[in-house]
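Asks: Input structure: protein16.cif, which contains mmCIF, C-alpha atoms (C1' of nucleotides).
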```cif
data_model
#
loop_
_atom_site.label_atom_id
_atom_site.label_comp_id
_atom_site.auth_asym_id
_atom_site.auth_seq_id
_atom_site.Cartn_x
_atom_site.Cartn_y
_atom_site.Cartn_z
CA MET O 23 0.00 0.00 0.00
CA PRO O 24 1.65 3.20 -1.09
CA GLU O 25 1.76 5.65 1.81
CA LEU O 26 3.93 8.74 2.18
CA PRO O 27 7.34 6.98 1.95
CA GLU O 28 6.34 4.99 -1.13
CA VAL O 29 4.88 8.03 -2.88
CA GLU O 30 7.97 10.05 -2.00
CA THR O 31 10.15 7.26 -3.43
CA VAL O 32 8.16 7.38 -6.67
CA ARG O 33 8.46 11.17 -6.79
CA THR O 34 12.21 11.19 -6.24
CA LEU O 35 12.89 8.56 -8.89
CA ILE O 36 10.43 9.82 -11.48
CA ALA O 37 11.26 13.53 -11.25
CA PRO O 38 14.41 13.51 -13.45
CA HIS O 39 12.47 11.67 -16.18
CA VAL O 40 9.56 14.11 -16.34
CA ARG O 41 10.94 17.52 -15.43
CA ASP O 42 10.82 19.91 -18.42
CA ARG O 43 9.49 17.11 -20.62
CA ARG O 44 6.61 17.64 -23.01
CA ILE O 45 3.75 15.13 -23.13
CA VAL O 46 3.53 14.39 -26.87
CA GLY O 47 0.78 11.80 -26.54
CA VAL O 48 -1.49 10.01 -24.07
CA THR O 49 -2.85 6.49 -24.51
CA VAL O 50 -5.78 5.37 -22.35
CA GLY O 51 -6.62 1.66 -22.11
CA ALA O 52 -9.97 -0.08 -21.75
CA PHE O 53 -10.54 1.26 -18.24
CA THR O 54 -11.18 4.89 -19.20
CA GLY O 55 -12.25 5.79 -15.66
CA VAL O 56 -8.59 5.92 -14.62
CA VAL O 57 -8.40 9.54 -15.78
CA GLU O 58 -10.91 12.10 -14.56
CA SER O 59 -11.37 15.83 -14.19
CA PRO O 60 -13.88 18.32 -12.81
CA LEU O 61 -13.04 20.57 -15.78
CA PRO O 62 -15.44 20.67 -18.74
CA ALA O 63 -12.82 19.82 -21.38
CA ASN O 64 -11.49 16.34 -22.09
CA PRO O 65 -8.52 15.80 -19.74
CA VAL O 66 -6.59 13.77 -22.32
CA SER O 67 -6.67 16.61 -24.84
CA LEU O 68 -5.68 19.09 -22.13
CA LEU O 69 -2.70 16.92 -21.19
CA THR O 70 -1.47 16.39 -24.73
CA GLY O 71 1.15 18.98 -25.59
CA ALA O 72 1.63 20.17 -22.01
CA THR O 73 5.11 20.38 -20.52
CA ILE O 74 5.71 19.04 -17.00
CA LEU O 75 7.53 21.72 -14.98
CA ASP O 76 7.87 19.80 -11.72
CA VAL O 77 6.48 16.94 -9.67
CA GLN O 78 5.66 17.44 -6.00
CA ARG O 79 4.12 15.28 -3.30
CA ARG O 80 1.37 16.23 -0.87
CA GLY O 81 0.26 13.49 1.49
CA LYS O 82 -0.17 10.45 -0.72
CA TYR O 83 -0.79 12.53 -3.85
CA LEU O 84 1.74 13.13 -6.60
CA ILE O 85 1.17 16.55 -8.13
CA PHE O 86 2.55 17.33 -11.59
CA GLN O 87 2.76 21.02 -12.36
CA LEU O 88 2.09 21.75 -16.04
CA ASP O 89 3.07 24.78 -18.11
CA THR O 90 -0.59 25.21 -19.14
CA GLY O 91 -1.47 26.39 -15.64
CA LEU O 92 -3.16 23.08 -14.92
CA TRP O 93 -2.10 20.34 -12.49
CA MET O 94 -2.21 16.58 -12.81
CA THR O 95 -2.54 14.57 -9.62
CA VAL O 96 -1.87 10.84 -9.36
CA HIS O 97 -3.11 8.78 -6.42
CA LEU O 98 -1.86 5.18 -6.32
CA ARG O 99 -4.41 4.08 -3.68
CA MET O 100 -3.73 0.40 -2.94
CA THR O 101 -2.02 -1.19 -5.91
CA GLY O 102 -1.21 1.61 -8.34
CA ARG O 103 2.23 1.89 -9.98
CA LEU O 104 4.00 4.50 -12.08
CA ILE O 105 6.64 2.95 -14.28
CA VAL O 106 9.29 4.56 -16.50
CA CYS O 107 9.94 2.78 -19.78
CA ARG O 108 10.71 3.46 -23.45
CA THR O 109 7.90 4.44 -25.82
CA GLY O 110 6.99 1.29 -27.72
CA ASP O 111 7.85 -1.07 -24.89
CA PRO O 112 5.16 -3.71 -24.24
CA ALA O 113 2.39 -2.74 -21.82
CA ILE O 114 3.09 -3.17 -18.13
CA ARG O 115 0.79 -5.38 -16.05
CA PHE O 116 -2.65 -3.80 -15.55
CA GLU O 117 -1.65 -0.76 -17.59
CA HIS O 118 -4.42 1.87 -17.81
CA ILE O 119 -2.74 5.01 -19.12
CA ALA O 120 0.56 5.90 -20.81
CA PHE O 121 2.14 9.34 -21.11
CA HIS O 122 4.50 9.56 -24.09
CA LEU O 123 7.25 12.12 -23.46
CA ASP O 124 9.40 14.01 -25.97
CA SER O 125 12.46 12.19 -24.55
CA GLY O 126 11.36 8.87 -26.07
CA GLU O 127 10.36 7.66 -22.64
CA ASP O 128 6.90 6.81 -21.31
CA ILE O 129 5.39 7.13 -17.88
CA ARG O 130 2.93 4.24 -17.53
CA PHE O 131 0.27 3.96 -14.85
CA GLY O 132 -0.93 0.48 -13.93
CA ASP O 133 -3.31 -0.63 -11.22
CA GLN O 134 -4.52 -4.16 -10.61
CA ARG O 135 -7.54 -3.04 -8.63
CA LYS O 136 -8.47 0.10 -10.57
CA PHE O 137 -8.67 2.20 -7.40
CA GLY O 138 -5.92 4.64 -8.38
CA ARG O 139 -6.72 7.83 -10.28
CA VAL O 140 -5.09 10.36 -12.58
CA THR O 141 -6.89 13.69 -12.15
CA LEU O 142 -6.51 16.94 -14.06
CA LEU O 143 -7.19 20.05 -11.99
CA ASP O 144 -7.00 23.81 -12.29
CA GLU O 145 -5.49 26.04 -9.63
CA ASP O 146 -8.72 26.36 -7.64
CA HIS O 147 -9.22 22.62 -7.48
CA VAL O 148 -5.62 22.09 -6.35
CA ALA O 149 -6.19 24.67 -3.60
CA SER O 150 -9.34 22.81 -2.60
CA LEU O 151 -7.43 19.52 -2.46
CA GLU O 152 -4.73 21.21 -0.41
CA SER O 153 -7.31 22.57 2.04
CA ARG O 154 -8.71 19.09 2.66
CA LEU O 155 -5.30 17.75 3.72
CA GLY O 156 -3.69 18.20 7.10
CA PRO O 157 -0.05 19.22 7.61
CA GLU O 158 2.85 17.14 6.33
CA PRO O 159 4.32 14.94 9.09
CA PHE O 160 7.74 16.59 8.66
CA ASP O 161 6.32 20.11 8.89
CA PRO O 162 8.43 21.68 11.70
CA ASP O 163 5.40 23.71 12.82
CA LEU O 164 3.62 20.46 13.69
CA THR O 165 4.27 19.83 17.40
CA GLY O 166 2.57 18.15 20.34
CA PRO O 167 1.00 21.43 21.54
CA VAL O 168 -0.27 22.13 17.97
CA LEU O 169 -1.75 18.67 17.56
CA HIS O 170 -3.40 18.58 20.99
CA PRO O 171 -6.28 21.05 20.32
CA ARG O 172 -6.86 19.52 16.91
CA LEU O 173 -7.68 16.24 18.67
CA ALA O 174 -9.86 17.87 21.33
CA ARG O 175 -13.17 16.83 19.75
CA ARG O 176 -12.00 13.43 18.55
CA THR O 177 -13.71 10.86 20.69
CA GLY O 178 -12.70 7.92 18.49
CA SER O 179 -9.47 5.93 18.55
CA ILE O 180 -6.06 7.51 17.97
CA LYS O 181 -5.55 5.08 15.10
CA GLY O 182 -8.71 6.32 13.40
CA ALA O 183 -7.57 9.91 13.87
CA LEU O 184 -4.11 9.24 12.42
CA LEU O 185 -5.64 7.58 9.36
CA ASP O 186 -7.70 10.74 8.74
CA GLN O 187 -5.80 12.71 6.09
CA ARG O 188 -7.35 15.97 7.36
CA LEU O 189 -5.44 15.63 10.63
CA ILE O 190 -2.03 14.66 9.22
CA ALA O 191 -1.46 13.88 5.55
CA GLY O 192 0.33 10.79 4.32
CA LEU O 193 -0.14 8.12 6.97
CA GLY O 194 -1.79 4.80 6.16
CA ASN O 195 -2.32 1.51 7.89
CA ILE O 196 1.31 0.32 7.89
CA TYR O 197 2.98 3.40 9.36
CA VAL O 198 0.21 4.17 11.85
CA ASP O 199 0.67 0.70 13.38
CA GLU O 200 4.46 1.13 13.33
CA ALA O 201 4.41 4.61 14.89
CA LEU O 202 1.96 3.59 17.64
CA TRP O 203 4.14 0.60 18.53
CA ARG O 204 7.22 2.78 18.65
CA ALA O 205 5.48 5.39 20.84
CA LYS O 206 3.97 2.61 23.03
CA ILE O 207 0.42 3.87 22.46
CA HIS O 208 -2.50 1.47 22.13
CA PRO O 209 -4.34 1.98 18.80
CA LEU O 210 -7.69 2.09 20.62
CA GLN O 211 -6.59 4.90 22.94
CA THR O 212 -9.18 7.68 22.83
CA ALA O 213 -7.63 10.43 20.71
CA ASN O 214 -8.64 13.39 22.88
CA ARG O 215 -7.34 11.75 26.06
CA ILE O 216 -3.69 11.89 24.98
CA ASP O 217 -1.59 14.64 26.56
CA GLU O 218 0.76 17.02 24.73
CA GLU O 219 3.88 15.25 25.90
CA THR O 220 2.68 11.88 24.62
CA LEU O 221 1.62 13.49 21.34
CA ALA O 222 5.12 14.92 20.97
CA ARG O 223 6.49 11.42 21.47
CA LEU O 224 4.01 10.11 18.90
CA LEU O 225 5.14 12.73 16.37
CA ASP O 226 8.76 11.71 16.95
CA ALA O 227 7.76 8.10 16.35
CA ILE O 228 5.86 9.02 13.15
CA ARG O 229 8.86 10.94 11.80
CA SER O 230 11.27 8.21 12.72
CA VAL O 231 9.17 5.48 11.12
CA LEU O 232 8.53 7.50 7.95
CA GLY O 233 12.15 8.69 7.71
CA SER O 234 13.46 5.15 7.92
CA ALA O 235 10.96 3.96 5.32
CA ILE O 236 11.95 6.75 2.90
CA GLU O 237 15.59 5.83 3.43
CA HIS O 238 14.81 2.22 2.47
CA GLN O 239 12.76 3.34 -0.55
CA GLY O 240 9.42 2.24 0.84
CA THR O 241 7.77 -0.91 2.08
CA THR O 242 6.88 -3.67 -0.36
CA PHE O 243 4.43 -5.91 1.40
CA SER O 244 2.57 -7.21 -1.60
CA SER O 245 2.59 -5.00 -4.64
CA PHE O 246 4.52 -1.74 -4.29
CA GLU O 247 7.16 -1.10 -6.97
CA ASN O 248 9.23 1.98 -7.66
CA PRO O 249 9.28 3.49 -11.19
CA TYR O 250 11.97 1.00 -12.20
CA GLY O 251 9.85 -1.98 -11.14
CA GLU O 252 11.95 -2.62 -8.03
CA ALA O 253 10.62 -3.52 -4.58
CA GLY O 254 11.19 -1.28 -1.56
CA GLY O 255 13.56 -2.44 1.17
CA ASN O 256 11.68 -1.40 4.30
CA ALA O 257 9.57 -4.51 4.95
CA ARG O 258 12.29 -6.21 6.99
CA PHE O 259 12.46 -3.21 9.32
CA LEU O 260 8.76 -3.36 10.24
CA LYS O 261 8.12 -4.15 13.90
CA VAL O 262 4.42 -5.01 13.89
CA TYR O 263 2.64 -4.63 10.54
CA GLY O 264 2.27 -8.00 8.83
CA ARG O 265 4.27 -9.77 11.52
CA SER O 266 1.47 -11.34 13.54
CA LYS O 267 1.20 -14.06 10.91
CA THR O 268 4.94 -14.84 10.81
CA ASP O 269 7.00 -14.93 13.98
CA GLY O 270 4.46 -12.87 15.88
CA THR O 271 6.75 -11.71 18.68
CA CYS O 272 7.52 -8.18 19.85
CA ASP O 273 11.10 -7.06 19.11
CA ARG O 274 11.11 -5.01 22.31
CA CYS O 275 9.66 -7.28 24.99
CA GLY O 276 9.50 -10.68 23.31
CA GLY O 277 5.78 -10.95 24.02
CA GLN O 278 3.26 -12.18 21.53
CA LEU O 279 1.84 -9.66 19.07
CA GLN O 280 -1.91 -9.28 18.85
CA ARG O 281 -4.19 -8.70 15.90
CA MET O 282 -7.49 -6.84 16.03
CA VAL O 283 -9.66 -4.58 13.92
CA VAL O 284 -9.44 -0.86 14.77
CA ALA O 285 -11.14 1.86 12.72
CA GLY O 286 -12.12 -0.85 10.27
CA ARG O 287 -8.49 -1.75 9.53
CA GLY O 288 -6.47 -4.82 10.34
CA THR O 289 -4.22 -3.80 13.23
CA THR O 290 -1.19 -5.41 14.85
CA LEU O 291 0.12 -4.34 18.24
CA CYS O 292 2.05 -5.54 21.26
CA PRO O 293 -0.46 -5.75 24.15
CA THR O 294 2.41 -5.68 26.64
CA CYS O 295 4.20 -2.56 25.34
CA GLN O 296 1.03 -0.79 24.21
CA ARG O 297 -1.05 -0.95 27.37
CA ILE O 298 -4.37 0.77 27.75
CA ASP O 299 -6.66 1.59 30.66
CA PRO O 300 -10.04 0.04 29.72
CA SER O 301 -11.75 3.34 30.63
CA GLN O 302 -9.83 5.04 27.79
CA ILE O 303 -11.26 2.84 25.06
CA PRO O 304 -13.81 4.67 22.90
CA GLY O 305 -17.42 3.55 22.79
CA ASP O 306 -18.34 -0.09 22.56
CA ASP O 307 -14.84 -1.13 21.55
CA PHE O 308 -14.42 -1.96 25.25
CA ASP O 309 -15.22 -5.62 24.64
CA SER O 310 -12.91 -6.10 21.68
CA ALA O 311 -9.94 -4.59 23.50
CA ASN O 312 -10.48 -6.85 26.47
CA ASP O 313 -10.71 -9.85 24.19
CA VAL O 314 -6.98 -10.40 24.41
CA GLY O 315 -6.79 -13.81 22.87
CA PRO O 316 -3.53 -15.36 21.64
CA GLY O 317 -1.79 -13.00 19.25
CA LEU O 318 -1.65 -15.49 16.44
CA GLN O 319 -5.33 -16.29 16.27
CA MET O 320 -6.95 -15.20 13.03
CA GLN O 321 -9.06 -12.09 13.44
CA GLY O 322 -8.10 -11.96 17.11
CA GLY O 323 -10.13 -9.36 18.95
CA LYS O 324 -12.82 -9.11 16.33
CA ARG O 325 -16.25 -9.30 17.85
CA ARG O 326 -19.01 -11.81 17.09
"C1'" DA X 8 -17.97 18.11 13.42
"C1'" DC X 9 -17.25 13.56 14.00
"C1'" DA X 10 -18.08 8.44 13.55
"C1'" DC X 11 -19.56 4.75 11.12
"C1'" DT X 12 -20.93 1.89 6.90
"C1'" DG X 13 -20.77 0.58 2.30
"C1'" DC X 14 -18.73 0.99 -2.08
"C1'" DC X 15 -15.19 0.46 -5.49
"C1'" DC X 16 -11.97 -3.78 -7.24
"C1'" DT X 17 -9.39 -8.29 -7.92
"C1'" DG X 18 -5.39 -11.51 -6.63
"C1'" DC X 19 -4.65 -14.62 -3.34
"C1'" DG X 20 -4.88 -17.94 0.43
"C1'" DA X 21 -7.85 -20.91 3.13
"C1'" DG X 22 -11.06 -24.40 3.29
"C1'" DC X 23 -13.60 -28.07 1.35
"C1'" DT H 10 -7.02 -30.45 -8.51
"C1'" DG H 11 -10.39 -27.10 -8.75
"C1'" DC H 12 -13.90 -24.62 -6.87
"C1'" DT H 13 -15.96 -20.92 -3.68
"C1'" DC H 14 -15.47 -17.54 -0.27
"C1'" DG H 15 -13.76 -13.69 2.10
"C1'" DC H 16 -9.92 -10.72 3.10
"C1'" DA H 17 -6.78 -6.74 1.96
"C1'" DG H 18 -7.73 -1.14 2.40
"C1'" DG H 19 -7.65 4.72 0.71
"C1'" DG H 20 -10.86 7.88 -0.11
"C1'" DC H 21 -15.39 9.27 -0.63
"C1'" DA H 22 -20.55 9.56 -0.30
"C1'" DG H 23 -24.26 8.90 2.55
"C1'" DT H 24 -26.27 8.52 7.10
"C1'" DG H 25 -26.79 9.31 12.04
#
```
What do you get writing this file as structure tokens?

Replies:
Amino acid sequence: MPELPEVETVRTLIAPHVRDRRIVGVTVGAFTGVVESPLPANPVSLLTGATILDVQRRGKYLIFQLDTGLWMTVHLRMTGRLIVCRTGDPAIRFEHIAFHLDSGEDIRFGDQRKFGRVTLLDEDHVASLESRLGPEPFDPDLTGPVLHPRLARRTGSIKGALLDQRLIAGLGNIYVDEALWRAKIHPLQTANRIDEETLARLLDAIRSVLGSAIEHQGTTFSSFENPYGEAGGNARFLKVYGRSKTDGTCDRCGGQLQRMVVAGRGTTLCPTCQRIDPSQIPGDDFDSANDVGPGLQMQGGKRR
DNA sequence: ACACTGCCCTGCGAGC
DNA sequence: TGCTCGCAGGGCAGTG
């Protein structure tokens, strides 16, 4: 699942191939829904002939700045890939759209599950997208005391809050689980019951986990590939995500990891390191958090 | 304003 | 071996 580190890896590697390159043609495959736009004109015709000035990242979005005053965003969602290849090369797996550049290279977008989108926006729509996203995790202005009031009305779990892109942009299921483990916070902890000091520790953990993942060019758990078709190297550094089904032990205390569903997402944690007072569990999740079965059981903690 | 559910989509592993 | 079933989850719309 591409989250901030994976999207940043794609941005870094793709930038030298697209910067100051003109899009001389666009080929859309059978799944035409991959490209969309709120603008009245056909996005493919608006893209053809445009020159890419730069590619930025905001949260999990890649944002290509065009010389026409328009902007193209790419969201990889779960299984999307952007691949660099030569024009005329055979289609990549699950290819949906190809951008032919004046360099003789192509940028191809493929997505097994057709969740990812290429979107053409004008300046107002980009501003609207920007306004819906919270601060970047590495924004130096983002501190414990800044985050604290923003969580004041959040009565749900801290995990649910961290997955909300309006609070902080760029976190997904993998790095939320990793950061909470590192900060020793239970995913079910009520968001507005966490003090400033703990939030500062959580921010440190988020930055550490994301920084390490960027350094290792992202996590490949199932499908992520960089623009050269290579896997990321961060999976072996993960402490909890995806580990409950393998060795299932906590690197810090040696205890058994536990799996449960939090905020509708599969969640792995160490019940020993990430303790929680039952009174701090939001709503009717009380039962599921107390259902501390063996860590390896399938769907452990899920009710019913 | 926030929380929750269902939807989109398909490869894959589990179970029979 | 081959089938069916349900899980994986980011963002969004709809509902409460």

Asks: Between CA of Ile190 in chain O and CA of Pro159 in chain O, what is the spacing in Å?

Replies: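 For CA of Pro159 in chain O relative to CA of Ile190 in chain O, the distance reads 6.4 Å.
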
Asks: Compile the residues of chain O that lie within 12 Å of chain H, evaluated using only C-alpha atoms (C1' of nucleotides), and express the compilation as a PyMOL selection string.

Replies: chain O and resi 23-25+81-83+97-102+135+137-139+154-155+185-188+192-196+243-245+264+285-289+320-321

Asks: Record the distance separating CA of Gln78 in chain O and CA of Arg44 in chain O, expressed in Å with one decimal.

Replies: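 Pair CA of Gln78 in chain O / CA of Arg44 in chain O returns 17.0 Å.
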
Asks: With a cut-off of 8 Å, could you pull out the residues of chain X touching chain O and give me the nearest pair of atoms for each, distance in Å to one decimal, using all atoms listed in the file, ordered by chain and ascending number, as CSV?

Replies:
```
residue,atom,partner,partner_atom,distance
X:DC9,C1',O:Arg176,CA,6.9
X:DA10,C1',O:Gly178,CA,7.3
X:DC15,C1',O:Phe137,CA,7.0
X:DC16,C1',O:Arg135,CA,4.7
X:DT17,C1',O:Arg135,CA,5.6
```

Asks: Just so the selection is clear, what residues does the PyMOL selection byres ((chain O and resi 116) around 12) cover here, as a PyMOL selection string?

Replies: (chain O and resi 50-53+56+101-105+112-115+117-120+130-138) or (chain X and resi 17)

Asks: Restricted to C-alpha atoms (C1' of nucleotides), what would the selected residues look like written as an mmCIF file, in the coordinates of the input?

Replies:
```
data_model
loop_
_atom_site.group_PDB
_atom_site.id
_atom_site.type_symbol
_atom_site.label_atom_id
_atom_site.label_comp_id
_atom_site.auth_asym_id
_atom_site.auth_seq_id
_atom_site.Cartn_x
_atom_site.Cartn_y
_atom_site.Cartn_z
ATOM 1 C CA VAL O 50 -5.780 5.370 -22.350
ATOM 2 C CA GLY O 51 -6.620 1.660 -22.110
ATOM 3 C CA ALA O 52 -9.970 -0.080 -21.750
ATOM 4 C CA PHE O 53 -10.540 1.260 -18.240
ATOM 5 C CA VAL O 56 -8.590 5.920 -14.620
ATOM 6 C CA THR O 101 -2.020 -1.190 -5.910
ATOM 7 C CA GLY O 102 -1.210 1.610 -8.340
ATOM 8 C CA ARG O 103 2.230 1.890 -9.980
ATOM 9 C CA LEU O 104 4.000 4.500 -12.080
ATOM 10 C CA ILE O 105 6.640 2.950 -14.280
ATOM 11 C CA PRO O 112 5.160 -3.710 -24.240
ATOM 12 C CA ALA O 113 2.390 -2.740 -21.820
ATOM 13 C CA ILE O 114 3.090 -3.170 -18.130
ATOM 14 C CA ARG O 115 0.790 -5.380 -16.050
ATOM 15 C CA GLU O 117 -1.650 -0.760 -17.590
ATOM 16 C CA HIS O 118 -4.420 1.870 -17.810
ATOM 17 C CA ILE O 119 -2.740 5.010 -19.120
ATOM 18 C CA ALA O 120 0.560 5.900 -20.810
ATOM 19 C CA ARG O 130 2.930 4.240 -17.530
ATOM 20 C CA PHE O 131 0.270 3.960 -14.850
ATOM 21 C CA GLY O 132 -0.930 0.480 -13.930
ATOM 22 C CA ASP O 133 -3.310 -0.630 -11.220
ATOM 23 C CA GLN O 134 -4.520 -4.160 -10.610
ATOM 24 C CA ARG O 135 -7.540 -3.040 -8.630
ATOM 25 C CA LYS O 136 -8.470 0.100 -10.570
ATOM 26 C CA PHE O 137 -8.670 2.200 -7.400
ATOM 27 C CA GLY O 138 -5.920 4.640 -8.380
ATOM 28 C "C1'" DT X 17 -9.390 -8.290 -7.920
#
```

Asks: Tell me, in Å to one decimal, how far CA of Leu225 in chain O is from CA of Pro167 in chain O.

Replies: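 Taking CA of Leu225 in chain O and CA of Pro167 in chain O, their separation equals 10.9 Å.
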
Asks: So what does the PyMOL selection byres ((chain O and resi 63-72) around 9) actually pick up in this one, as a list in words?

Replies: Arg43, Arg44, Ile45, Val46, Gly47, Val48, Thr49, Val50, Val57, Glu58, Ser59, Pro60, Leu61, Pro62, Thr73, Ile74, Leu88, Asp89, Thr90, Leu92, Met94, Phe121, Thr141, Leu142 and Leu143 of chain O

Asks: Given the PyMOL selection byres ((chain O and resi 303) around 6) and the file above, list the residues it selects as an MDAnalysis selection string.

Replies: chainID O and resid 210:212 300:302 304 308

Asks: Just the residues within 9 Å of range 230-239 of chain O, please, counting only C-alpha atoms (C1' of nucleotides), with nothing from its chain fewer than 6 positions along; format it as JSON, numbers by chain.

Replies: {"O": [26, 27, 28, 30, 31, 32, 159, 193, 197, 200, 201, 204, 248, 253, 254, 255, 256, 257, 259, 260]}

Asks: What lies within 8 Å of Arg80 in chain O using all atoms listed in the file, ignoring chain neighbours under 3 positions off, as a list in words?

Replies: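 With the cut-off at 8 Å, the set is Tyr83, Leu84, Ile85, Glu152, Glu158, Ala191 and Gly192 of chain O.
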
Asks: What are the centre and edge lengths in Å, to one decimal, of the axis-aligned box around all listed atoms of range 16-25 of chain H with 6 Å added on each side, as AutoDock Vina command-line options?

Replies:
```
--center_x -16.8 --center_y -0.6 --center_z 5.7 --size_x 32.0 --size_y 32.3 --size_z 24.7
```
